[in-house]
file coords_18.txt (compact mmCIF, N, CA and C atoms)
# COMPACT_ATOMS: atom_id res chain seq x y z
N MET A 1 -32.63 -49.59 -43.48
CA MET A 1 -33.40 -48.49 -42.96
C MET A 1 -32.77 -47.90 -41.70
N ILE A 2 -32.12 -48.69 -40.97
CA ILE A 2 -31.44 -48.22 -39.78
C ILE A 2 -30.31 -47.28 -40.16
N ARG A 3 -29.62 -47.57 -41.26
CA ARG A 3 -28.54 -46.69 -41.69
C ARG A 3 -29.05 -45.32 -42.06
N LYS A 4 -30.18 -45.23 -42.69
CA LYS A 4 -30.73 -43.93 -43.07
C LYS A 4 -31.09 -43.12 -41.83
N VAL A 5 -31.60 -43.74 -40.81
CA VAL A 5 -31.95 -43.04 -39.57
C VAL A 5 -30.68 -42.53 -38.90
N ALA A 6 -29.67 -43.33 -38.85
CA ALA A 6 -28.42 -42.92 -38.22
C ALA A 6 -27.78 -41.77 -38.97
N LEU A 7 -27.78 -41.82 -40.29
CA LEU A 7 -27.21 -40.75 -41.09
C LEU A 7 -28.05 -39.48 -40.98
N THR A 8 -29.31 -39.60 -40.82
CA THR A 8 -30.19 -38.45 -40.69
C THR A 8 -29.96 -37.76 -39.35
N LEU A 9 -29.73 -38.49 -38.27
CA LEU A 9 -29.53 -37.89 -36.96
C LEU A 9 -28.14 -37.27 -36.79
N LEU A 10 -27.16 -37.81 -37.46
CA LEU A 10 -25.81 -37.31 -37.33
C LEU A 10 -25.68 -35.83 -37.70
N PRO A 11 -26.19 -35.36 -38.82
CA PRO A 11 -26.10 -33.93 -39.11
C PRO A 11 -26.85 -33.06 -38.11
N VAL A 12 -27.94 -33.54 -37.55
CA VAL A 12 -28.69 -32.77 -36.56
C VAL A 12 -27.85 -32.59 -35.30
N ILE A 13 -27.18 -33.62 -34.86
CA ILE A 13 -26.33 -33.53 -33.68
C ILE A 13 -25.16 -32.58 -33.96
N ALA A 14 -24.57 -32.66 -35.11
CA ALA A 14 -23.46 -31.79 -35.47
C ALA A 14 -23.90 -30.34 -35.51
N LEU A 15 -25.08 -30.07 -36.04
CA LEU A 15 -25.59 -28.71 -36.10
C LEU A 15 -25.86 -28.17 -34.70
N THR A 16 -26.27 -29.02 -33.80
CA THR A 16 -26.52 -28.59 -32.44
C THR A 16 -25.23 -28.25 -31.73
N VAL A 17 -24.16 -28.97 -31.96
CA VAL A 17 -22.88 -28.74 -31.29
C VAL A 17 -22.18 -27.50 -31.84
N VAL A 18 -22.22 -27.26 -33.11
CA VAL A 18 -21.49 -26.15 -33.72
C VAL A 18 -21.94 -24.79 -33.17
N PRO A 19 -23.23 -24.48 -33.06
CA PRO A 19 -23.60 -23.17 -32.53
C PRO A 19 -23.16 -22.96 -31.08
N VAL A 20 -23.17 -24.00 -30.26
CA VAL A 20 -22.73 -23.87 -28.87
C VAL A 20 -21.24 -23.53 -28.84
N THR A 21 -20.44 -24.22 -29.64
CA THR A 21 -19.01 -23.95 -29.70
C THR A 21 -18.76 -22.54 -30.23
N GLY A 22 -19.48 -22.14 -31.25
CA GLY A 22 -19.32 -20.79 -31.81
C GLY A 22 -19.71 -19.72 -30.81
N ALA A 23 -20.78 -19.94 -30.06
CA ALA A 23 -21.22 -18.95 -29.07
C ALA A 23 -20.20 -18.84 -27.94
N THR A 24 -19.63 -19.96 -27.54
CA THR A 24 -18.62 -19.95 -26.49
C THR A 24 -17.38 -19.20 -26.95
N ALA A 25 -16.95 -19.43 -28.16
CA ALA A 25 -15.78 -18.74 -28.70
C ALA A 25 -16.03 -17.24 -28.79
N ALA A 26 -17.22 -16.85 -29.22
CA ALA A 26 -17.54 -15.42 -29.31
C ALA A 26 -17.55 -14.78 -27.94
N THR A 27 -18.07 -15.50 -26.95
CA THR A 27 -18.08 -14.97 -25.58
C THR A 27 -16.66 -14.81 -25.06
N THR A 28 -15.80 -15.77 -25.32
CA THR A 28 -14.41 -15.69 -24.88
C THR A 28 -13.70 -14.51 -25.53
N LYS A 29 -13.90 -14.30 -26.80
CA LYS A 29 -13.26 -13.17 -27.48
C LYS A 29 -13.75 -11.85 -26.91
N ALA A 30 -15.05 -11.74 -26.66
CA ALA A 30 -15.59 -10.50 -26.10
C ALA A 30 -15.03 -10.26 -24.71
N THR A 31 -14.91 -11.30 -23.91
CA THR A 31 -14.37 -11.17 -22.57
C THR A 31 -12.92 -10.74 -22.60
N ASN A 32 -12.13 -11.30 -23.50
CA ASN A 32 -10.72 -10.93 -23.59
C ASN A 32 -10.53 -9.47 -23.98
N LYS A 33 -11.39 -8.93 -24.80
CA LYS A 33 -11.26 -7.54 -25.22
C LYS A 33 -11.54 -6.58 -24.07
N SER A 34 -12.47 -6.94 -23.18
CA SER A 34 -12.83 -6.02 -22.11
C SER A 34 -12.01 -6.22 -20.84
N SER A 35 -11.15 -7.23 -20.79
CA SER A 35 -10.33 -7.47 -19.60
C SER A 35 -9.27 -6.38 -19.48
N PRO A 36 -9.08 -5.84 -18.25
CA PRO A 36 -8.03 -4.84 -18.07
C PRO A 36 -6.66 -5.49 -18.19
N LYS A 37 -5.72 -4.75 -18.74
CA LYS A 37 -4.36 -5.27 -18.91
C LYS A 37 -3.49 -4.74 -17.78
N ALA A 38 -2.49 -5.50 -17.44
CA ALA A 38 -1.56 -5.12 -16.38
C ALA A 38 -0.75 -3.91 -16.81
N SER A 39 -0.43 -3.08 -15.85
CA SER A 39 0.39 -1.91 -16.12
C SER A 39 1.80 -2.33 -16.49
N PRO A 40 2.38 -1.77 -17.54
CA PRO A 40 3.73 -2.16 -17.93
C PRO A 40 4.80 -1.62 -16.99
N THR A 41 4.48 -0.60 -16.20
CA THR A 41 5.47 -0.03 -15.30
C THR A 41 5.30 -0.64 -13.91
N PRO A 42 6.38 -1.09 -13.27
CA PRO A 42 6.26 -1.68 -11.94
C PRO A 42 5.98 -0.61 -10.88
N THR A 43 5.29 -1.00 -9.82
CA THR A 43 5.01 -0.07 -8.73
C THR A 43 6.03 -0.30 -7.62
N VAL A 44 6.28 0.73 -6.83
CA VAL A 44 7.23 0.65 -5.74
C VAL A 44 6.47 0.25 -4.48
N ALA A 45 6.90 -0.79 -3.84
CA ALA A 45 6.27 -1.25 -2.61
C ALA A 45 6.73 -0.39 -1.44
N ALA A 46 5.81 -0.06 -0.57
CA ALA A 46 6.15 0.73 0.61
C ALA A 46 6.68 -0.18 1.71
N LEU A 47 7.67 0.28 2.42
CA LEU A 47 8.21 -0.47 3.54
C LEU A 47 7.32 -0.26 4.76
N PRO A 48 7.24 -1.23 5.65
CA PRO A 48 6.47 -1.01 6.88
C PRO A 48 7.19 0.02 7.75
N PRO A 49 6.45 0.76 8.56
CA PRO A 49 7.09 1.77 9.40
C PRO A 49 7.89 1.13 10.54
N ILE A 50 8.82 1.91 11.06
CA ILE A 50 9.57 1.51 12.25
C ILE A 50 8.83 2.12 13.44
N ILE A 51 8.38 1.29 14.36
CA ILE A 51 7.60 1.77 15.50
C ILE A 51 8.49 1.79 16.73
N VAL A 52 8.58 2.96 17.38
CA VAL A 52 9.44 3.10 18.55
C VAL A 52 8.68 3.77 19.69
N ASP A 53 9.14 3.48 20.90
CA ASP A 53 8.63 4.14 22.09
C ASP A 53 9.49 5.39 22.30
N PRO A 54 8.91 6.57 22.19
CA PRO A 54 9.75 7.78 22.29
C PRO A 54 10.37 7.98 23.67
N ALA A 55 9.76 7.43 24.70
CA ALA A 55 10.29 7.61 26.05
C ALA A 55 11.58 6.81 26.27
N SER A 56 11.75 5.72 25.55
CA SER A 56 12.93 4.88 25.76
C SER A 56 13.93 4.92 24.60
N THR A 57 13.65 5.69 23.56
CA THR A 57 14.55 5.76 22.40
C THR A 57 15.35 7.07 22.45
N LYS A 58 16.67 6.94 22.37
CA LYS A 58 17.53 8.14 22.40
C LYS A 58 18.19 8.40 21.05
N THR A 59 18.59 7.33 20.36
CA THR A 59 19.19 7.45 19.03
C THR A 59 18.60 6.38 18.13
N LEU A 60 18.62 6.66 16.84
CA LEU A 60 18.02 5.75 15.88
C LEU A 60 18.72 5.93 14.54
N LYS A 61 18.99 4.81 13.86
CA LYS A 61 19.55 4.86 12.51
C LYS A 61 18.54 4.24 11.56
N ILE A 62 18.22 4.97 10.49
CA ILE A 62 17.22 4.52 9.52
C ILE A 62 17.75 4.74 8.10
N THR A 63 17.00 4.25 7.11
CA THR A 63 17.37 4.50 5.71
C THR A 63 16.51 5.63 5.15
N SER A 64 16.85 6.06 3.96
CA SER A 64 16.14 7.19 3.36
C SER A 64 14.72 6.84 2.92
N LYS A 65 14.33 5.57 3.00
CA LYS A 65 12.97 5.17 2.62
C LYS A 65 12.09 4.90 3.84
N ASP A 66 12.63 5.09 5.05
CA ASP A 66 11.91 4.71 6.27
C ASP A 66 11.01 5.81 6.81
N THR A 67 10.01 5.35 7.54
CA THR A 67 9.14 6.21 8.33
C THR A 67 9.18 5.67 9.75
N VAL A 68 9.32 6.57 10.72
CA VAL A 68 9.35 6.19 12.13
C VAL A 68 8.04 6.65 12.76
N VAL A 69 7.32 5.71 13.34
CA VAL A 69 6.05 6.01 14.01
C VAL A 69 6.30 5.92 15.51
N PHE A 70 5.87 6.95 16.25
CA PHE A 70 6.05 6.98 17.69
C PHE A 70 4.86 6.31 18.36
N LYS A 71 5.15 5.30 19.17
CA LYS A 71 4.11 4.54 19.87
C LYS A 71 3.65 5.38 21.07
N VAL A 72 2.40 5.85 21.00
CA VAL A 72 1.84 6.69 22.06
C VAL A 72 0.43 6.21 22.40
N ASP A 73 -0.01 6.52 23.62
CA ASP A 73 -1.35 6.10 24.05
C ASP A 73 -2.44 7.01 23.50
N ASP A 74 -2.16 8.30 23.42
CA ASP A 74 -3.14 9.29 22.96
C ASP A 74 -2.55 10.02 21.76
N VAL A 75 -3.27 10.03 20.64
CA VAL A 75 -2.72 10.60 19.40
C VAL A 75 -2.92 12.11 19.29
N GLU A 76 -3.64 12.73 20.20
CA GLU A 76 -3.91 14.17 20.13
C GLU A 76 -2.85 14.99 20.87
N GLY A 77 -2.58 16.20 20.36
CA GLY A 77 -1.75 17.18 21.04
C GLY A 77 -0.25 17.06 20.84
N TRP A 78 0.19 16.34 19.84
CA TRP A 78 1.63 16.16 19.61
C TRP A 78 2.18 17.22 18.67
N ASN A 79 3.42 17.66 18.96
CA ASN A 79 4.17 18.49 18.04
C ASN A 79 5.65 18.19 18.23
N ALA A 80 6.47 18.69 17.33
CA ALA A 80 7.89 18.40 17.42
C ALA A 80 8.70 19.53 16.83
N LEU A 81 9.90 19.65 17.32
CA LEU A 81 10.90 20.53 16.72
C LEU A 81 11.88 19.60 16.01
N VAL A 82 12.06 19.80 14.72
CA VAL A 82 12.99 19.00 13.92
C VAL A 82 14.16 19.90 13.59
N SER A 83 15.37 19.50 14.00
CA SER A 83 16.54 20.37 13.82
C SER A 83 16.96 20.51 12.37
N ASN A 84 16.71 19.50 11.54
CA ASN A 84 17.10 19.57 10.13
C ASN A 84 15.94 19.06 9.27
N VAL A 85 15.10 20.00 8.80
CA VAL A 85 13.92 19.62 8.02
C VAL A 85 14.28 19.12 6.62
N LYS A 86 15.54 19.26 6.23
CA LYS A 86 15.98 18.68 4.95
C LYS A 86 16.19 17.16 5.08
N VAL A 87 16.30 16.68 6.32
CA VAL A 87 16.54 15.26 6.58
C VAL A 87 15.26 14.54 7.00
N LEU A 88 14.44 15.17 7.84
CA LEU A 88 13.21 14.55 8.36
C LEU A 88 12.03 15.49 8.24
N SER A 89 10.85 14.91 7.97
CA SER A 89 9.62 15.71 8.02
C SER A 89 8.72 15.10 9.10
N PHE A 90 8.05 15.94 9.87
CA PHE A 90 7.23 15.50 11.00
C PHE A 90 5.75 15.57 10.64
N ASP A 91 5.01 14.55 11.08
CA ASP A 91 3.54 14.53 10.97
C ASP A 91 3.01 14.35 12.38
N ALA A 92 2.20 15.30 12.84
CA ALA A 92 1.70 15.29 14.21
C ALA A 92 0.70 14.17 14.48
N GLY A 93 0.18 13.55 13.45
CA GLY A 93 -0.82 12.50 13.66
C GLY A 93 -2.14 13.12 14.11
N GLY A 94 -2.86 12.42 14.97
CA GLY A 94 -4.14 12.90 15.46
C GLY A 94 -5.27 12.07 14.86
N THR A 95 -6.49 12.59 15.01
CA THR A 95 -7.66 11.90 14.47
C THR A 95 -8.07 12.59 13.18
N LYS A 96 -8.16 11.79 12.11
CA LYS A 96 -8.54 12.32 10.80
C LYS A 96 -9.60 11.40 10.20
N ASN A 97 -10.76 11.96 9.92
CA ASN A 97 -11.87 11.20 9.33
C ASN A 97 -12.20 9.95 10.14
N GLY A 98 -12.15 10.07 11.47
CA GLY A 98 -12.52 8.96 12.34
C GLY A 98 -11.42 7.95 12.61
N ALA A 99 -10.26 8.10 11.98
CA ALA A 99 -9.14 7.18 12.20
C ALA A 99 -8.06 7.87 13.02
N ALA A 100 -7.40 7.12 13.89
CA ALA A 100 -6.35 7.66 14.75
C ALA A 100 -4.98 7.37 14.13
N PHE A 101 -4.15 8.41 14.07
CA PHE A 101 -2.80 8.29 13.52
C PHE A 101 -1.79 8.76 14.55
N ASN A 102 -0.77 7.94 14.79
CA ASN A 102 0.29 8.30 15.72
C ASN A 102 1.21 9.33 15.07
N PRO A 103 1.89 10.14 15.90
CA PRO A 103 2.86 11.07 15.34
C PRO A 103 4.00 10.28 14.69
N SER A 104 4.63 10.88 13.66
CA SER A 104 5.68 10.16 12.94
C SER A 104 6.64 11.13 12.27
N VAL A 105 7.79 10.60 11.89
CA VAL A 105 8.74 11.34 11.05
C VAL A 105 9.07 10.47 9.86
N LYS A 106 9.27 11.13 8.71
CA LYS A 106 9.61 10.43 7.48
C LYS A 106 10.97 10.93 7.02
N ALA A 107 11.82 9.99 6.62
CA ALA A 107 13.13 10.36 6.10
C ALA A 107 12.97 11.06 4.76
N VAL A 108 13.67 12.18 4.59
CA VAL A 108 13.64 12.93 3.34
C VAL A 108 14.90 12.66 2.53
N LYS A 109 16.05 12.74 3.21
CA LYS A 109 17.33 12.45 2.57
C LYS A 109 18.35 12.11 3.64
N ALA A 110 19.54 11.68 3.23
CA ALA A 110 20.58 11.28 4.17
C ALA A 110 21.05 12.47 5.00
N GLY A 111 21.38 12.19 6.26
CA GLY A 111 21.85 13.22 7.17
C GLY A 111 21.47 12.89 8.60
N THR A 112 21.64 13.86 9.49
CA THR A 112 21.31 13.68 10.91
C THR A 112 20.41 14.81 11.36
N SER A 113 19.46 14.46 12.20
CA SER A 113 18.55 15.47 12.74
C SER A 113 18.09 15.06 14.13
N TRP A 114 17.84 16.05 14.95
CA TRP A 114 17.23 15.82 16.26
C TRP A 114 15.73 16.05 16.13
N VAL A 115 14.97 15.21 16.83
CA VAL A 115 13.52 15.40 16.93
C VAL A 115 13.21 15.59 18.41
N VAL A 116 12.68 16.77 18.74
CA VAL A 116 12.27 17.05 20.11
C VAL A 116 10.75 16.92 20.13
N LEU A 117 10.29 15.84 20.72
CA LEU A 117 8.86 15.50 20.70
C LEU A 117 8.16 16.05 21.94
N LYS A 118 7.05 16.74 21.71
CA LYS A 118 6.30 17.34 22.80
C LYS A 118 4.83 16.95 22.73
N LYS A 119 4.20 16.88 23.90
CA LYS A 119 2.76 16.63 23.98
C LYS A 119 2.17 17.82 24.72
N TYR A 120 1.31 18.56 24.03
CA TYR A 120 0.75 19.80 24.58
C TYR A 120 1.86 20.67 25.16
N ASP A 121 2.95 20.83 24.39
CA ASP A 121 4.12 21.65 24.72
C ASP A 121 4.92 21.17 25.92
N LYS A 122 4.66 19.97 26.40
CA LYS A 122 5.46 19.38 27.47
C LYS A 122 6.47 18.43 26.83
N LEU A 123 7.76 18.60 27.16
CA LEU A 123 8.83 17.78 26.58
C LEU A 123 8.63 16.30 26.94
N ILE A 124 8.61 15.46 25.91
CA ILE A 124 8.48 14.02 26.09
C ILE A 124 9.78 13.30 25.77
N ALA A 125 10.42 13.69 24.66
CA ALA A 125 11.65 13.00 24.26
C ALA A 125 12.47 13.86 23.30
N ALA A 126 13.77 13.61 23.29
CA ALA A 126 14.68 14.18 22.31
C ALA A 126 15.42 13.00 21.69
N ILE A 127 15.24 12.80 20.39
CA ILE A 127 15.80 11.63 19.72
C ILE A 127 16.68 12.09 18.57
N LYS A 128 17.90 11.55 18.53
CA LYS A 128 18.82 11.83 17.42
C LYS A 128 18.62 10.74 16.37
N ILE A 129 18.22 11.15 15.16
CA ILE A 129 17.96 10.20 14.08
C ILE A 129 18.95 10.44 12.96
N THR A 130 19.64 9.38 12.57
CA THR A 130 20.58 9.42 11.46
C THR A 130 19.97 8.67 10.29
N VAL A 131 19.89 9.34 9.15
CA VAL A 131 19.34 8.73 7.93
C VAL A 131 20.53 8.39 7.03
N ALA A 132 20.65 7.10 6.68
CA ALA A 132 21.75 6.65 5.82
C ALA A 132 21.33 6.67 4.36
call {"tool": "encode", "arguments": {"input": "coords_18.txt", "output": "structure tokens"}}
result
Amino acid sequence: MIRKVALTLLPVIALTVVPVTGATAATTKATNKSSPKASPTPTVAALPPIIVDPASTKTLKITSKDTVVFKVDDVEGWNALVSNVKVLSFDAGGTKNGAAFNPSVKAVKAGTSWVVLKKYDKLIAAIKITVA
């Protein structure tokens, strides 16, 4: 009689385990279908900017992927004359959407350019930048 009880309980236990395993497998398959896949194309990492004090910098050599940020106390009122805009582009910085941005230049292509940096039209620095 003990054997009949054991055989009777065995199928009940097996039936209880099978639906749990099946439900878990179905959940895993559904999760895999909705998971985002990685982009096949690699992204280009940005280099950190080069930060310089415009009052003490006279010449600078950078690469064509560099950005030079001018370390200043007040971000308002900056402008610059760039002698070769094909080599460097200037961003005056300032306050935008509550965030403060220092003035900067970004390398466009290889060459040499002068940056004459002014604050409220007062000459602050003249820097010769060579882009390799």
call {"tool": "closest_residue", "arguments": {"input": "coords_18.txt", "among": "A:Thr67, A:Ser89, A:Thr57, A:Asn79", "to": "Val108 (chain A)", "atoms": "all atoms listed in the file"}}
result
A:Ser89
call {"tool": "atom_distance", "arguments": {"input": "coords_18.txt", "atom1": "CA of Leu81 (chain A)", "atom2": "CA of Ala107 (chain A)"}}
result
14.9 Å
call {"tool": "closest_atom_pairs", "arguments": {"input": "coords_18.txt", "of": "region 55-76 of chain A", "to": "region 117-124 of chain A", "cutoff": "8 Å", "atoms": "all atoms listed in the file", "output": "tab-separated table"}}
result
residue	atom	partner	partner_atom	distance
A:Ala55	CA	A:Ile124	C	5.7
A:Ser56	N	A:Ile124	C	7.8
A:Glu76	C	A:Tyr120	N	6.3
call {"tool": "closest_residue", "arguments": {"input": "coords_18.txt", "among": "A:Leu47, A:Lys128, A:Val87, A:Val72", "to": "Val105 (chain A)", "atoms": "all atoms listed in the file"}}
result
A:Val87
call {"tool": "residues_around", "arguments": {"input": "coords_18.txt", "residues": "region 92-103 of chain A", "least_positions_apart": "4", "cutoff": "9 Å", "atoms": "only C-alpha atoms", "output": "list in words"}}
result
Val68, Val69, Phe70, Lys71, Val72, Asp73, Asp74, Val75, Glu76, Gly77, Trp78, Asn79 and Ala80 of chain A
call {"tool": "closest_residue", "arguments": {"input": "coords_18.txt", "among": "A:Pro48, A:Gly111, A:Ala126, A:Ile62", "to": "Asn84 (chain A)", "atoms": "only C-alpha atoms"}}
result
A:Gly111
call {"tool": "residues_near_point", "arguments": {"input": "coords_18.txt", "point": "(16.7, 22.1, 15.5)", "cutoff": "8 Å", "atoms": "all atoms listed in the file", "output": "number ranges by chain"}}
result
A: 81-85, 113-116
call {"tool": "write_last_selection", "arguments": {"input": "coords_18.txt", "atoms": "N, CA and C atoms", "output": "short mmCIF file (atom, residue, chain, number, x, y, z; two decimals), in the coordinates of the input"}}
result
data_model
loop_
_atom_site.label_atom_id
_atom_site.label_comp_id
_atom_site.auth_asym_id
_atom_site.auth_seq_id
_atom_site.Cartn_x
_atom_site.Cartn_y
_atom_site.Cartn_z
N LEU A 81 9.90 19.65 17.32
CA LEU A 81 10.90 20.53 16.72
C LEU A 81 11.88 19.60 16.01
N VAL A 82 12.06 19.80 14.72
CA VAL A 82 12.99 19.00 13.92
C VAL A 82 14.16 19.90 13.59
N SER A 83 15.37 19.50 14.00
CA SER A 83 16.54 20.37 13.82
C SER A 83 16.96 20.51 12.37
N ASN A 84 16.71 19.50 11.54
CA ASN A 84 17.10 19.57 10.13
C ASN A 84 15.94 19.06 9.27
N VAL A 85 15.10 20.00 8.80
CA VAL A 85 13.92 19.62 8.02
C VAL A 85 14.28 19.12 6.62
N SER A 113 19.46 14.46 12.20
CA SER A 113 18.55 15.47 12.74
C SER A 113 18.09 15.06 14.13
N TRP A 114 17.84 16.05 14.95
CA TRP A 114 17.23 15.82 16.26
C TRP A 114 15.73 16.05 16.13
N VAL A 115 14.97 15.21 16.83
CA VAL A 115 13.52 15.40 16.93
C VAL A 115 13.21 15.59 18.41
N VAL A 116 12.68 16.77 18.74
CA VAL A 116 12.27 17.05 20.11
C VAL A 116 10.75 16.92 20.13
#
call {"tool": "atom_distance", "arguments": {"input": "coords_18.txt", "atom1": "CA of Ala110 (chain A)", "atom2": "CA of Asp53 (chain A)"}}
result
22.7 Å
call {"tool": "closest_residue", "arguments": {"input": "coords_18.txt", "among": "A:Ser104, A:Thr112, A:Asp91, A:Ala132", "to": "Thr59 (chain A)", "atoms": "only C-alpha atoms"}}
result
A:Thr112
